[in-house]
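Below is query-v9.txt, which holds compact mmCIF, C-alpha atoms.
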# COMPACT_ATOMS: atom_id res chain seq x y z
CA MET W 1 0.00 0.00 0.00
CA THR W 2 1.27 3.44 -0.87
CA GLU W 3 0.86 6.06 1.81
CA GLN W 4 -1.89 8.45 0.74
CA GLU W 5 -1.96 12.15 1.33
CA PRO W 6 -4.22 12.94 4.30
CA ILE W 7 -7.50 14.75 3.61
CA ASP W 8 -7.82 17.85 5.74
CA GLY W 9 -10.43 17.63 8.48
CA THR W 10 -11.10 13.95 7.75
CA VAL W 11 -10.16 10.88 9.77
CA MET W 12 -10.59 7.58 7.96
CA PHE W 13 -12.19 5.09 10.33
CA ASP W 14 -9.54 2.42 9.73
CA GLY W 15 -8.14 -0.45 11.77
CA ALA W 16 -6.16 1.86 14.07
CA GLN W 17 -9.29 3.88 14.88
CA ALA W 18 -11.30 0.69 15.28
CA ILE W 19 -8.84 -0.65 17.87
CA LYS W 20 -8.81 2.63 19.77
CA GLY W 21 -12.57 3.16 19.74
CA TYR W 22 -14.03 -0.30 20.22
CA ALA W 23 -15.43 0.16 23.74
CA LEU W 24 -16.83 3.59 22.91
CA ASN W 25 -18.44 2.40 19.69
CA LYS W 26 -19.85 -0.69 21.39
CA MET W 27 -21.49 1.48 24.03
CA CYS W 28 -22.95 3.75 21.35
CA TYR W 29 -24.21 0.75 19.38
CA SER W 30 -26.19 -0.26 22.46
CA PHE W 31 -28.14 3.00 22.14
CA ASN W 32 -30.16 1.46 19.30
CA GLU W 33 -32.34 0.17 22.13
CA ALA W 34 -34.54 2.46 24.20
CA ALA W 35 -33.79 0.53 27.40
CA SER W 36 -30.06 1.15 26.92
CA ARG W 37 -30.59 4.85 26.34
CA GLU W 38 -32.60 5.03 29.55
CA ALA W 39 -30.00 3.08 31.49
CA PHE W 40 -27.28 5.45 30.25
CA LEU W 41 -29.27 8.52 31.28
CA ALA W 42 -30.04 7.01 34.68
CA ASP W 43 -26.34 6.58 35.52
CA GLU W 44 -23.89 7.72 32.84
CA GLU W 45 -20.75 6.90 34.84
CA ALA W 46 -21.83 3.36 35.66
CA TYR W 47 -22.92 2.78 32.06
CA MET W 48 -19.57 3.97 30.67
CA SER W 49 -17.68 1.78 33.14
CA ARG W 50 -19.77 -1.23 32.23
CA TYR W 51 -18.56 -0.86 28.62
CA GLY W 52 -14.96 -0.29 29.71
CA LEU W 53 -14.44 3.18 28.29
CA ASN W 54 -11.03 4.70 28.99
CA ASP W 55 -10.61 8.09 30.68
CA GLU W 56 -10.29 9.99 27.40
CA GLN W 57 -13.49 8.44 26.09
CA LYS W 58 -15.37 9.04 29.32
CA GLN W 59 -14.37 12.69 29.40
CA ALA W 60 -15.33 13.18 25.75
CA ILE W 61 -18.75 11.64 26.50
CA ARG W 62 -19.22 13.88 29.56
CA ASP W 63 -18.23 16.95 27.51
CA LYS W 64 -20.21 15.87 24.39
CA VAL W 65 -17.39 17.16 22.18
CA VAL W 66 -17.60 15.32 18.88
CA LEU W 67 -14.04 16.01 17.70
CA ASN W 68 -12.74 14.55 20.97
CA LEU W 69 -15.01 11.54 20.57
CA LEU W 70 -13.60 11.01 17.06
CA ALA W 71 -10.04 11.39 18.38
CA ALA W 72 -10.87 8.74 20.99
CA GLY W 73 -11.75 6.30 18.20
CA GLY W 74 -15.46 7.00 17.84
CA ASN W 75 -17.14 6.24 14.54
CA ILE W 76 -19.62 8.87 13.40
CA TYR W 77 -22.45 6.40 12.70
CA TYR W 78 -22.27 5.16 16.30
CA LEU W 79 -21.67 8.62 17.76
CA ALA W 80 -24.86 9.74 16.01
CA LYS W 81 -26.78 7.35 18.27
CA PHE W 82 -25.18 9.00 21.31
CA ALA W 83 -25.97 12.49 19.97
CA GLY W 84 -29.55 11.40 19.33
CA ILE W 85 -30.11 10.79 23.04
CA PHE W 86 -29.79 14.55 23.52
CA GLY W 87 -31.84 15.41 20.45
CA LEU W 88 -28.76 16.54 18.53
CA GLY W 89 -28.95 16.01 14.77
CA VAL W 90 -26.29 16.09 12.09
CA GLN W 91 -26.49 19.86 11.70
CA ASP W 92 -25.85 20.37 15.43
CA VAL W 93 -22.96 17.92 15.25
CA GLY W 94 -21.62 19.59 12.08
CA ALA W 95 -21.86 23.05 13.61
CA GLN W 96 -20.01 21.95 16.74
CA GLN W 97 -17.16 20.34 14.80
CA THR W 98 -16.67 23.33 12.52
CA GLY W 99 -16.96 25.91 15.31
CA MET W 100 -19.99 27.54 13.69
CA SER W 101 -23.46 28.37 14.90
CA VAL W 102 -26.09 25.92 13.65
CA GLU W 103 -27.59 28.70 11.53
CA ALA W 104 -24.22 29.52 9.96
CA PHE W 105 -23.60 25.82 9.30
CA LYS W 106 -26.96 25.50 7.55
CA GLU W 107 -26.16 28.57 5.45
CA LYS W 108 -22.86 27.01 4.46
CA LEU W 109 -24.74 23.92 3.23
CA VAL W 110 -27.16 26.03 1.22
CA ALA W 111 -24.25 27.98 -0.27
CA ALA W 112 -22.72 24.72 -1.55
CA GLY W 113 -25.65 24.47 -3.97
CA ALA W 114 -25.24 27.95 -5.41
CA MET L 1 -36.29 -15.91 -17.35
CA ALA L 2 -35.85 -13.02 -14.97
CA ARG L 3 -35.15 -9.67 -16.56
CA ILE L 4 -33.60 -6.48 -15.17
CA VAL L 5 -35.90 -3.66 -16.20
CA GLY L 6 -33.73 -0.84 -14.92
CA GLY L 7 -31.81 0.78 -12.14
CA LEU L 8 -32.67 3.48 -9.65
CA THR L 9 -30.52 5.53 -7.35
CA THR L 10 -31.57 7.71 -4.46
CA SER L 11 -30.09 9.29 -1.40
CA HIS L 12 -31.30 7.77 1.87
CA ILE L 13 -30.87 10.63 4.35
CA PRO L 14 -32.69 10.00 7.67
CA ALA L 15 -34.27 13.48 7.55
CA ILE L 16 -36.28 12.23 4.53
CA GLY L 17 -37.89 9.59 6.74
CA ASN L 18 -38.85 12.24 9.29
CA ALA L 19 -40.24 14.49 6.55
CA ILE L 20 -42.36 11.58 5.22
CA ALA L 21 -43.62 10.82 8.74
CA LYS L 22 -44.58 14.47 9.26
CA GLY L 23 -46.03 14.93 5.77
CA SER L 24 -43.66 17.78 4.94
CA HIS L 25 -43.64 17.03 1.19
CA ASP L 26 -44.95 20.43 0.09
CA GLU L 27 -42.89 22.61 2.41
CA PRO L 28 -40.45 24.87 0.54
CA TYR L 29 -37.40 22.99 1.87
CA TRP L 30 -38.76 19.65 0.60
CA LYS L 31 -40.85 20.43 -2.46
CA SER L 32 -38.12 20.15 -5.08
CA PHE L 33 -36.73 17.01 -3.46
CA PHE L 34 -40.00 15.08 -3.25
CA GLY L 35 -41.07 16.51 -6.61
CA GLY L 36 -38.45 14.33 -8.29
CA TYR L 37 -40.12 11.04 -7.33
CA PRO L 38 -43.57 11.00 -9.03
CA PRO L 39 -42.12 10.51 -12.56
CA VAL L 40 -40.07 7.58 -11.25
CA ARG L 41 -43.12 6.11 -9.55
CA GLU L 42 -45.04 6.43 -12.83
CA TRP L 43 -42.28 4.52 -14.61
CA LEU L 44 -42.45 1.85 -11.88
CA GLU L 45 -46.22 1.62 -12.37
CA ASP L 46 -45.61 1.02 -16.08
CA VAL L 47 -42.94 -1.65 -15.70
CA GLN L 48 -44.41 -3.29 -12.54
CA PRO L 49 -41.27 -4.91 -11.13
CA ASP L 50 -41.75 -8.04 -9.02
CA ILE L 51 -38.44 -7.70 -7.20
CA ALA L 52 -36.37 -4.81 -5.86
CA VAL L 53 -32.71 -5.64 -5.27
CA MET L 54 -31.59 -2.99 -2.79
CA ILE L 55 -27.86 -2.23 -2.70
CA TYR L 56 -27.22 -0.15 0.41
CA ASN L 57 -24.98 0.29 3.41
CA ASP L 58 -25.86 -0.53 7.01
CA HIS L 59 -25.13 2.27 9.50
CA GLY L 60 -24.88 0.21 12.68
CA LEU L 61 -28.28 -1.43 12.96
CA ASN L 62 -27.88 -5.02 11.73
CA PHE L 63 -24.09 -5.07 11.87
CA PHE L 64 -21.69 -3.87 14.52
CA LEU L 65 -17.91 -3.63 14.32
CA ASP L 66 -17.60 -7.01 16.07
CA LYS L 67 -18.59 -8.64 12.76
CA GLN L 68 -18.53 -6.22 9.86
CA PRO L 69 -18.95 -7.87 6.48
CA THR L 70 -17.67 -6.23 3.31
CA PHE L 71 -20.60 -7.67 1.35
CA ALA L 72 -23.72 -9.29 2.81
CA VAL L 73 -26.81 -10.62 1.05
CA GLY L 74 -30.15 -11.11 2.77
CA ALA L 75 -31.91 -14.45 2.37
CA ALA L 76 -34.80 -13.93 4.76
CA PRO L 77 -38.56 -14.21 4.23
CA GLU L 78 -38.96 -10.75 5.78
CA TYR L 79 -36.72 -7.85 6.72
CA TYR L 80 -37.42 -5.63 9.69
CA ASN L 81 -36.86 -1.94 10.16
CA GLN L 82 -35.88 -1.19 13.78
CA ASP L 83 -35.06 1.67 16.14
CA GLU L 84 -31.75 3.27 15.14
CA GLY L 85 -31.52 5.30 18.32
CA TRP L 86 -32.13 8.82 17.14
CA GLY L 87 -35.88 8.97 16.75
CA LEU L 88 -36.68 7.94 13.17
CA PRO L 89 -40.08 6.20 13.24
CA THR L 90 -39.86 2.51 12.34
CA ILE L 91 -41.92 1.31 9.38
CA ALA L 92 -43.57 -1.92 8.23
CA PRO L 93 -41.45 -4.98 7.35
CA PHE L 94 -40.35 -5.73 3.78
CA LYS L 95 -41.09 -9.00 1.99
CA GLY L 96 -38.13 -11.16 1.03
CA ALA L 97 -37.48 -13.51 -1.90
CA PRO L 98 -35.32 -16.23 -0.28
CA GLU L 99 -35.16 -18.56 -3.31
CA LEU L 100 -33.89 -15.76 -5.54
CA SER L 101 -31.53 -14.65 -2.75
CA TRP L 102 -29.93 -18.09 -2.62
CA HIS L 103 -29.64 -18.21 -6.40
CA ILE L 104 -27.83 -14.85 -6.27
CA ILE L 105 -25.62 -15.99 -3.38
CA GLU L 106 -24.60 -19.17 -5.22
CA ALA L 107 -23.75 -17.23 -8.37
CA LEU L 108 -21.81 -14.52 -6.56
CA VAL L 109 -19.77 -17.01 -4.53
CA ALA L 110 -19.09 -18.97 -7.75
CA ASP L 111 -17.72 -15.68 -9.10
CA GLU L 112 -15.45 -15.48 -6.01
CA PHE L 113 -17.38 -12.85 -4.06
CA ASP L 114 -17.20 -14.41 -0.62
CA LEU L 115 -20.33 -13.12 1.07
CA VAL L 116 -21.97 -13.10 4.43
CA THR L 117 -25.45 -14.59 4.11
CA CYS L 118 -28.27 -13.46 6.38
CA GLN L 119 -31.42 -15.47 7.12
CA GLU L 120 -32.36 -12.81 9.64
CA MET L 121 -31.65 -9.18 8.87
CA ASN L 122 -32.76 -5.81 10.13
CA VAL L 123 -32.62 -3.03 7.57
CA ASP L 124 -31.98 0.58 8.49
CA HIS L 125 -32.74 3.89 6.77
CA GLY L 126 -30.31 3.03 3.97
CA PHE L 127 -32.82 0.42 2.78
CA ALA L 128 -36.11 1.64 4.24
CA ILE L 129 -36.19 5.23 3.00
CA PRO L 130 -35.63 4.34 -0.68
CA MET L 131 -38.44 1.78 -0.39
CA GLN L 132 -40.74 4.46 1.03
CA LEU L 133 -39.75 6.95 -1.66
CA PHE L 134 -40.32 4.62 -4.60
CA TRP L 135 -43.31 2.68 -3.21
CA PRO L 136 -45.06 4.66 -0.47
CA ASP L 137 -47.59 1.79 -0.26
CA TYR L 138 -44.97 -1.00 -0.40
CA ALA L 139 -46.54 -2.81 2.57
CA GLU L 140 -49.72 -3.47 0.56
CA ARG L 141 -47.88 -4.65 -2.56
CA ASP L 142 -46.54 -8.05 -3.57
CA LEU L 143 -43.16 -6.47 -4.25
CA ARG L 144 -40.36 -8.60 -2.82
CA THR L 145 -36.83 -7.53 -1.98
CA VAL L 146 -33.26 -8.77 -1.87
CA PRO L 147 -30.92 -6.67 0.31
CA VAL L 148 -27.30 -6.42 -0.78
CA MET L 149 -25.27 -4.66 1.91
CA ILE L 150 -21.89 -3.05 1.17
CA ASN L 151 -19.60 -1.90 3.99
CA THR L 152 -19.04 1.86 4.12
CA VAL L 153 -18.42 2.03 7.88
CA GLN L 154 -15.10 0.33 8.51
CA HIS L 155 -12.15 1.08 6.25
CA PRO L 156 -10.85 -0.55 4.15
CA LEU L 157 -14.00 -0.29 2.02
CA PRO L 158 -14.32 -2.31 -1.19
CA SER L 159 -13.04 -0.35 -4.19
CA PRO L 160 -15.29 1.20 -6.82
CA LYS L 161 -14.10 -1.43 -9.28
CA ARG L 162 -14.88 -4.28 -6.89
CA CYS L 163 -18.38 -2.95 -6.29
CA TYR L 164 -19.01 -2.46 -10.00
CA ASN L 165 -17.87 -6.03 -10.64
CA LEU L 166 -20.11 -7.28 -7.84
CA GLY L 167 -22.95 -5.60 -9.71
CA ARG L 168 -21.95 -7.28 -12.98
CA SER L 169 -22.05 -10.69 -11.31
CA LEU L 170 -25.35 -9.82 -9.69
CA GLY L 171 -26.80 -8.81 -13.05
CA ARG L 172 -25.67 -12.04 -14.71
CA ALA L 173 -27.07 -14.07 -11.82
CA ILE L 174 -30.48 -12.42 -12.04
CA GLU L 175 -30.73 -12.80 -15.80
CA ALA L 176 -29.96 -16.52 -15.42
CA TYR L 177 -32.81 -17.06 -12.95
CA PRO L 178 -35.42 -19.32 -14.56
CA GLU L 179 -38.54 -17.66 -13.18
CA ASP L 180 -40.21 -14.88 -15.22
CA LEU L 181 -39.57 -11.97 -12.90
CA LYS L 182 -39.07 -8.29 -13.55
CA VAL L 183 -36.29 -6.94 -11.37
CA VAL L 184 -35.27 -3.39 -10.57
CA ILE L 185 -31.85 -2.72 -9.05
CA ILE L 186 -31.54 0.16 -6.58
CA GLY L 187 -28.30 1.77 -5.40
CA THR L 188 -28.83 4.01 -2.37
CA GLY L 189 -26.88 6.70 -0.53
CA GLY L 190 -24.76 9.65 -1.59
CA LEU L 191 -24.16 11.97 -3.15
CA SER L 192 -21.43 14.17 -1.66
CA HIS L 193 -21.57 14.66 2.09
CA GLN L 194 -19.47 14.49 5.20
CA LEU L 195 -20.77 14.23 8.75
CA ASP L 196 -17.54 13.95 10.75
CA GLY L 197 -14.44 16.01 11.37
CA GLU L 198 -13.56 19.64 10.71
CA ARG L 199 -14.59 19.09 7.08
CA ALA L 200 -18.20 18.31 8.16
CA GLY L 201 -20.68 19.91 5.77
CA PHE L 202 -18.46 19.32 2.74
CA ILE L 203 -20.46 19.13 -0.50
CA ASN L 204 -19.02 18.95 -4.04
CA LYS L 205 -21.63 19.85 -6.63
CA GLU L 206 -19.26 19.67 -9.59
CA PHE L 207 -18.16 16.15 -8.70
CA ASP L 208 -21.74 14.98 -8.12
CA GLU L 209 -22.89 16.32 -11.46
CA MET L 210 -20.01 14.52 -13.14
CA CYS L 211 -20.97 11.28 -11.32
CA MET L 212 -24.59 11.55 -12.45
CA GLU L 213 -23.49 12.11 -16.03
CA LYS L 214 -20.79 9.46 -16.31
CA ILE L 215 -22.60 6.67 -14.47
CA VAL L 216 -25.15 6.50 -17.31
CA ASN L 217 -22.91 5.27 -20.13
CA GLU L 218 -19.36 5.79 -18.98
CA PRO L 219 -19.14 3.96 -15.63
CA GLU L 220 -15.60 2.73 -16.49
CA TYR L 221 -14.48 6.25 -15.61
CA PHE L 222 -14.75 5.34 -11.91
CA LEU L 223 -13.10 1.94 -12.01
CA ASP L 224 -9.57 3.10 -11.28
CA MET L 225 -10.65 5.56 -8.60
CA SER L 226 -9.48 4.70 -5.09
CA ILE L 227 -11.72 4.97 -2.04
CA HIS L 228 -9.32 7.62 -0.77
CA GLU L 229 -9.88 9.72 -3.87
CA LEU L 230 -13.64 9.15 -3.67
CA VAL L 231 -13.64 10.37 -0.05
CA ARG L 232 -11.55 13.39 -1.04
CA GLN L 233 -13.99 14.32 -3.82
CA ALA L 234 -17.33 13.22 -2.35
CA GLY L 235 -16.76 13.51 1.40
CA ALA L 236 -16.37 10.77 4.00
CA GLN L 237 -19.94 9.49 3.59
CA GLY L 238 -20.07 10.35 -0.11
CA ALA L 239 -18.19 7.07 -0.49
CA GLU L 240 -21.69 5.55 -0.57
CA PHE L 241 -21.44 6.19 -4.32
CA ILE L 242 -19.99 2.64 -4.46
CA ASN L 243 -23.60 1.44 -3.98
CA TRP L 244 -24.58 3.34 -7.13
CA LEU L 245 -21.68 1.76 -9.04
CA ALA L 246 -22.76 -1.73 -7.96
CA MET L 247 -26.27 -0.94 -9.26
CA ARG L 248 -24.82 0.27 -12.57
CA GLY L 249 -22.73 -2.89 -12.91
CA ALA L 250 -25.91 -4.98 -12.89
CA LEU L 251 -27.34 -3.21 -15.95
CA ASN L 252 -26.44 -4.02 -19.53
CA GLY L 253 -24.02 -2.00 -21.59
CA ASN L 254 -26.31 0.73 -22.83
CA VAL L 255 -28.76 2.37 -20.50
CA LYS L 256 -31.02 5.32 -20.94
CA SER L 257 -31.45 7.97 -18.25
CA LEU L 258 -35.20 8.63 -17.93
CA HIS L 259 -35.32 10.95 -14.90
CA THR L 260 -32.86 12.72 -12.64
CA ASN L 261 -33.13 15.12 -9.73
CA TYR L 262 -30.46 16.80 -7.61
CA ASN L 263 -30.93 18.99 -4.51
CA ILE L 264 -28.51 20.79 -2.20
CA PRO L 265 -28.86 20.53 0.73
CA ILE L 266 -31.09 17.88 2.19
CA SER L 267 -29.87 17.80 5.77
CA ASN L 268 -26.04 17.71 5.34
CA THR L 269 -26.16 16.04 1.95
CA ALA L 270 -26.43 16.63 -1.77
CA ALA L 271 -29.39 14.43 -2.68
CA GLY L 272 -29.36 12.65 -6.03
CA LEU L 273 -32.04 10.64 -7.80
CA MET L 274 -31.73 8.71 -11.07
CA CYS L 275 -33.96 6.38 -13.04
CA LEU L 276 -32.10 4.33 -15.64
CA GLU L 277 -33.80 2.07 -18.15
CA ASN L 278 -31.93 -1.10 -18.99
CA ALA L 279 -31.20 -1.99 -22.61
CA ALA L 280 -33.54 -4.73 -23.83
Structure rendered as structure tokens:
Amino acid sequence: MTEQEPIDGTVMFDGAQAIKGYALNKMCYSFNEAASREAFLADEEAYMSRYGLNDEQKQAIRDKVVLNLLAAGGNIYYLAKFAGIFGLGVQDVGAQQTGMSVEAFKEKLVAAGA
Amino acid sequence: MARIVGGLTTSHIPAIGNAIAKGSHDEPYWKSFFGGYPPVREWLEDVQPDIAVMIYNDHGLNFFLDKQPTFAVGAAPEYYNQDEGWGLPTIAPFKGAPELSWHIIEALVADEFDLVTCQEMNVDHGFAIPMQLFWPDYAERDLRTVPVMINTVQHPLPSPKRCYNLGRSLGRAIEAYPEDLKVVIIGTGGLSHQLDGERAGFINKEFDEMCMEKIVNEPEYFLDMSIHELVRQAGAQGAEFINWLAMRGALNGNVKSLHTNYNIPISNTAAGLMCLENAA
């Protein structure tokens, strides 16, 4: 394999990320089920410990900072299930990652069609 | 013999499912998007397919990273839509076609595509929303489905060429099936979008328009493209275009584009729709 030039602002969810993020992603996968979402909300710390999250992952979950969750090995499809617990959609998540207001982020999307 | 009548592509953005549930079709944000579908539904009424082969990607409903197949084919009598965690209403199950599924599986494995086979399978928005868009009353129809799942979650993803070749094998398998069935092949997802990272919100209109043009009768253009290059041009989740290429591979050499629609943005995504008629 030839080394490929990185793409700015993009982390490929590859084997290295998969190794790093497994516990975090497994916890987020559990949020497909309503009972798991309720159990998480009832005791977030206990729920994170049950899935074996490391300190970096736990802190990123407490802070709800998506870029930190990605850096901790999170995969966006699974993180979306975590964000959904708090009613956050892909525009909220996009705005947070790009340091924009949600309105400004939506305007940026509209501008892409001009 | 079974015959492939054509191919469809559509984006499968979850927000579409919410808009359908709320009946937002005529709101200004949605009008142009939903307005693209009636001509395709009219074409479907004319050709009356018996089978929809749905080429899509699972987003963490049926598959988790503990066992992530590159290609999986459903062989179940019914496929269930389930809670994905973020509030999209679940919809009625989809009828399967297990005998055709096993025929396809045998042919694909004979062609050295080593698949995962699924006699139970939940299908997420990547499958369900296209079904709703093309057949709003699918639950009352006899239409049966074969899910073909391609991994777009865990890199390495299969290359554009590999997916196109999967489609070619799929097309040959269907056309060798002895029953008189009309089959439509659907490739879902795309077009350009990116949900994660500082590049979130990336959309590439020029690239999308090129994709919608070249996929009709010049799909070879994409065969030497790497996934890395596709992600660069289409965004991290724009790599779902490999589902479209697999659809195109299943059609014969010359196809005719009957309808297209393209809208920026639907949620974070450039939404594309195509209806391609297969050469007789």
Return as a Markdown table the residues of segment 49-122 of chain L lying at most 12 Å from segment 88-102 of chain W, together with the closest atom-to-atom pair for each and the distance in Å to one decimal, counting all atoms listed in the file, with rows in chain order and ascending residue number.
| residue | atom | partner | partner_atom | distance |
| --- | --- | --- | --- | --- |
| L:Gly85 | CA | W:Gly89 | CA | 11.6 |
| L:Trp86 | CA | W:Gly89 | CA | 8.2 |
| L:Gly87 | CA | W:Gly89 | CA | 10.1 |
| L:Leu88 | CA | W:Gly89 | CA | 11.3 |
Under the rule of at most 6 Å, produce a per-residue listing of chain W near chain L: chain, number, name, the closest pair of atoms, and the distance in Å, as JSON lines, using only C-alpha atoms.
{"residue": "W:Gly9", "atom": "CA", "partner": "L:Glu198", "partner_atom": "CA", "distance": 4.3}
{"residue": "W:Thr10", "atom": "CA", "partner": "L:Gly197", "partner_atom": "CA", "distance": 5.3}
{"residue": "W:Phe13", "atom": "CA", "partner": "L:His155", "partner_atom": "CA", "distance": 5.7}
{"residue": "W:Asp14", "atom": "CA", "partner": "L:His155", "partner_atom": "CA", "distance": 4.6}
{"residue": "W:Phe31", "atom": "CA", "partner": "L:Gly85", "partner_atom": "CA", "distance": 5.6}
{"residue": "W:Asn32", "atom": "CA", "partner": "L:Gly85", "partner_atom": "CA", "distance": 4.2}
{"residue": "W:Tyr77", "atom": "CA", "partner": "L:His59", "partner_atom": "CA", "distance": 5.9}
{"residue": "W:Lys81", "atom": "CA", "partner": "L:Gly85", "partner_atom": "CA", "distance": 5.2}
{"residue": "W:Gly84", "atom": "CA", "partner": "L:Trp86", "partner_atom": "CA", "distance": 4.3}
{"residue": "W:Gly94", "atom": "CA", "partner": "L:Ala200", "partner_atom": "CA", "distance": 5.4}
{"residue": "W:Gln97", "atom": "CA", "partner": "L:Glu198", "partner_atom": "CA", "distance": 5.5}
{"residue": "W:Thr98", "atom": "CA", "partner": "L:Glu198", "partner_atom": "CA", "distance": 5.2}
{"residue": "W:Leu109", "atom": "CA", "partner": "L:Pro265", "partner_atom": "CA", "distance": 5.9}
{"residue": "W:Val110", "atom": "CA", "partner": "L:Pro265", "partner_atom": "CA", "distance": 5.8}
{"residue": "W:Gly113", "atom": "CA", "partner": "L:Ile264", "partner_atom": "CA", "distance": 5.0}
Prev. selection, C-alpha atoms, output as a PDB file, keeping the file's coordinate frame:
ATOM      1  CA  GLY W   9     -10.430  17.630   8.480  1.00  0.00           C
ATOM      2  CA  THR W  10     -11.100  13.950   7.750  1.00  0.00           C
ATOM      3  CA  PHE W  13     -12.190   5.090  10.330  1.00  0.00           C
ATOM      4  CA  ASP W  14      -9.540   2.420   9.730  1.00  0.00           C
ATOM      5  CA  PHE W  31     -28.140   3.000  22.140  1.00  0.00           C
ATOM      6  CA  ASN W  32     -30.160   1.460  19.300  1.00  0.00           C
ATOM      7  CA  TYR W  77     -22.450   6.400  12.700  1.00  0.00           C
ATOM      8  CA  LYS W  81     -26.780   7.350  18.270  1.00  0.00           C
ATOM      9  CA  GLY W  84     -29.550  11.400  19.330  1.00  0.00           C
ATOM     10  CA  GLY W  94     -21.620  19.590  12.080  1.00  0.00           C
ATOM     11  CA  GLN W  97     -17.160  20.340  14.800  1.00  0.00           C
ATOM     12  CA  THR W  98     -16.670  23.330  12.520  1.00  0.00           C
ATOM     13  CA  LEU W 109     -24.740  23.920   3.230  1.00  0.00           C
ATOM     14  CA  VAL W 110     -27.160  26.030   1.220  1.00  0.00           C
ATOM     15  CA  GLY W 113     -25.650  24.470  -3.970  1.00  0.00           C
TER      16      GLY W 113
END
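If you count all atoms listed in the file and draw a sphere of 12 Å around (-5.2, 1.0, 10.7), the protein and nucleic acid residues inside it come out as Met1, Glu3, Val11, Met12, Phe13, Asp14, Gly15, Ala16, Gln17, Ala18, Ile19, Lys20, Gly21 and Gly73 of chain W; Gln154, His155 and Pro156 of chain L.
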Those residues with C-alpha atoms, as a PDB file, in the coordinates of the input please?
ATOM      1  CA  MET W   1       0.000   0.000   0.000  1.00  0.00           C
ATOM      2  CA  GLU W   3       0.860   6.060   1.810  1.00  0.00           C
ATOM      3  CA  VAL W  11     -10.160  10.880   9.770  1.00  0.00           C
ATOM      4  CA  MET W  12     -10.590   7.580   7.960  1.00  0.00           C
ATOM      5  CA  PHE W  13     -12.190   5.090  10.330  1.00  0.00           C
ATOM      6  CA  ASP W  14      -9.540   2.420   9.730  1.00  0.00           C
ATOM      7  CA  GLY W  15      -8.140  -0.450  11.770  1.00  0.00           C
ATOM      8  CA  ALA W  16      -6.160   1.860  14.070  1.00  0.00           C
ATOM      9  CA  GLN W  17      -9.290   3.880  14.880  1.00  0.00           C
ATOM     10  CA  ALA W  18     -11.300   0.690  15.280  1.00  0.00           C
ATOM     11  CA  ILE W  19      -8.840  -0.650  17.870  1.00  0.00           C
ATOM     12  CA  LYS W  20      -8.810   2.630  19.770  1.00  0.00           C
ATOM     13  CA  GLY W  21     -12.570   3.160  19.740  1.00  0.00           C
ATOM     14  CA  GLY W  73     -11.750   6.300  18.200  1.00  0.00           C
TER      15      GLY W  73
ATOM     16  CA  GLN L 154     -15.100   0.330   8.510  1.00  0.00           C
ATOM     17  CA  HIS L 155     -12.150   1.080   6.250  1.00  0.00           C
ATOM     18  CA  PRO L 156     -10.850  -0.550   4.150  1.00  0.00           C
TER      19      PRO L 156
END
Practice prompt. Give me the residues within 7 Å of Ile55 of chain L as a list in words, counting all atoms listed in the file and dropping any in the same chain fewer than 2 places off.
Written response: Val53, Pro147, Val148, Met149, Ile186, Gly187, Thr188, Asn243 and Met247 of chain L
Item to complete: Might you pull out every residue within 12 Å of Pro158 of chain L, with only C-alpha atoms counted and same-chain residues fewer than 5 positions away left off, and present them as a PyMOL selection string?
Response: chain L and resi 57+69-71+113+149-153+163-166+223+225-228+230+239-243+245-246
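Omitting Phe33 of chain L and its sequence neighbours fewer than 3 positions away, and counting all atoms listed in the file, the residues within 10 Å are Ile16, His25, Asp26, Pro28, Tyr29, Trp30, Gly36, Tyr37, Asn261, Tyr262, Asn263, Ile264, Pro265, Ile266, Ala271, Gly272 and Leu273 of chain L.
Residue nearest Met27 of chain W within the list W:Phe82, W:Ala42, W:Ile76, W:Gln59: W:Phe82 [criterion: smallest interatomic distance, only C-alpha atoms].
Distance annotation: of W:Lys64, W:Glu5, W:Lys26, W:Ala71, the residue with the minimal separation from Arg50 of chain W is W:Lys26; atom set is only C-alpha atoms.
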Discussion item. What's the separation between atom CA of Leu79 of chain W and atom CA of Tyr56 of chain L, in Å to one decimal place?
Written reply: 20.2 Å
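Between atom CA of Asn75 of chain W and atom CA of Pro130 of chain L lies a distance of 24.0 Å.
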Selection near Asn81 of chain L, 6 Å with all atoms listed in the file, sequence-local residues under 2 positions removed, as a short mmCIF file (atom, residue, chain, number, x, y, z; two decimals) with C-alpha atoms, in the frame of the given file:
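Output file part-v7.cif is given in full below:
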data_model
loop_
_atom_site.label_atom_id
_atom_site.label_comp_id
_atom_site.auth_asym_id
_atom_site.auth_seq_id
_atom_site.Cartn_x
_atom_site.Cartn_y
_atom_site.Cartn_z
CA THR L 90 -39.86 2.51 12.34
CA ASN L 122 -32.76 -5.81 10.13
CA VAL L 123 -32.62 -3.03 7.57
CA ASP L 124 -31.98 0.58 8.49
#
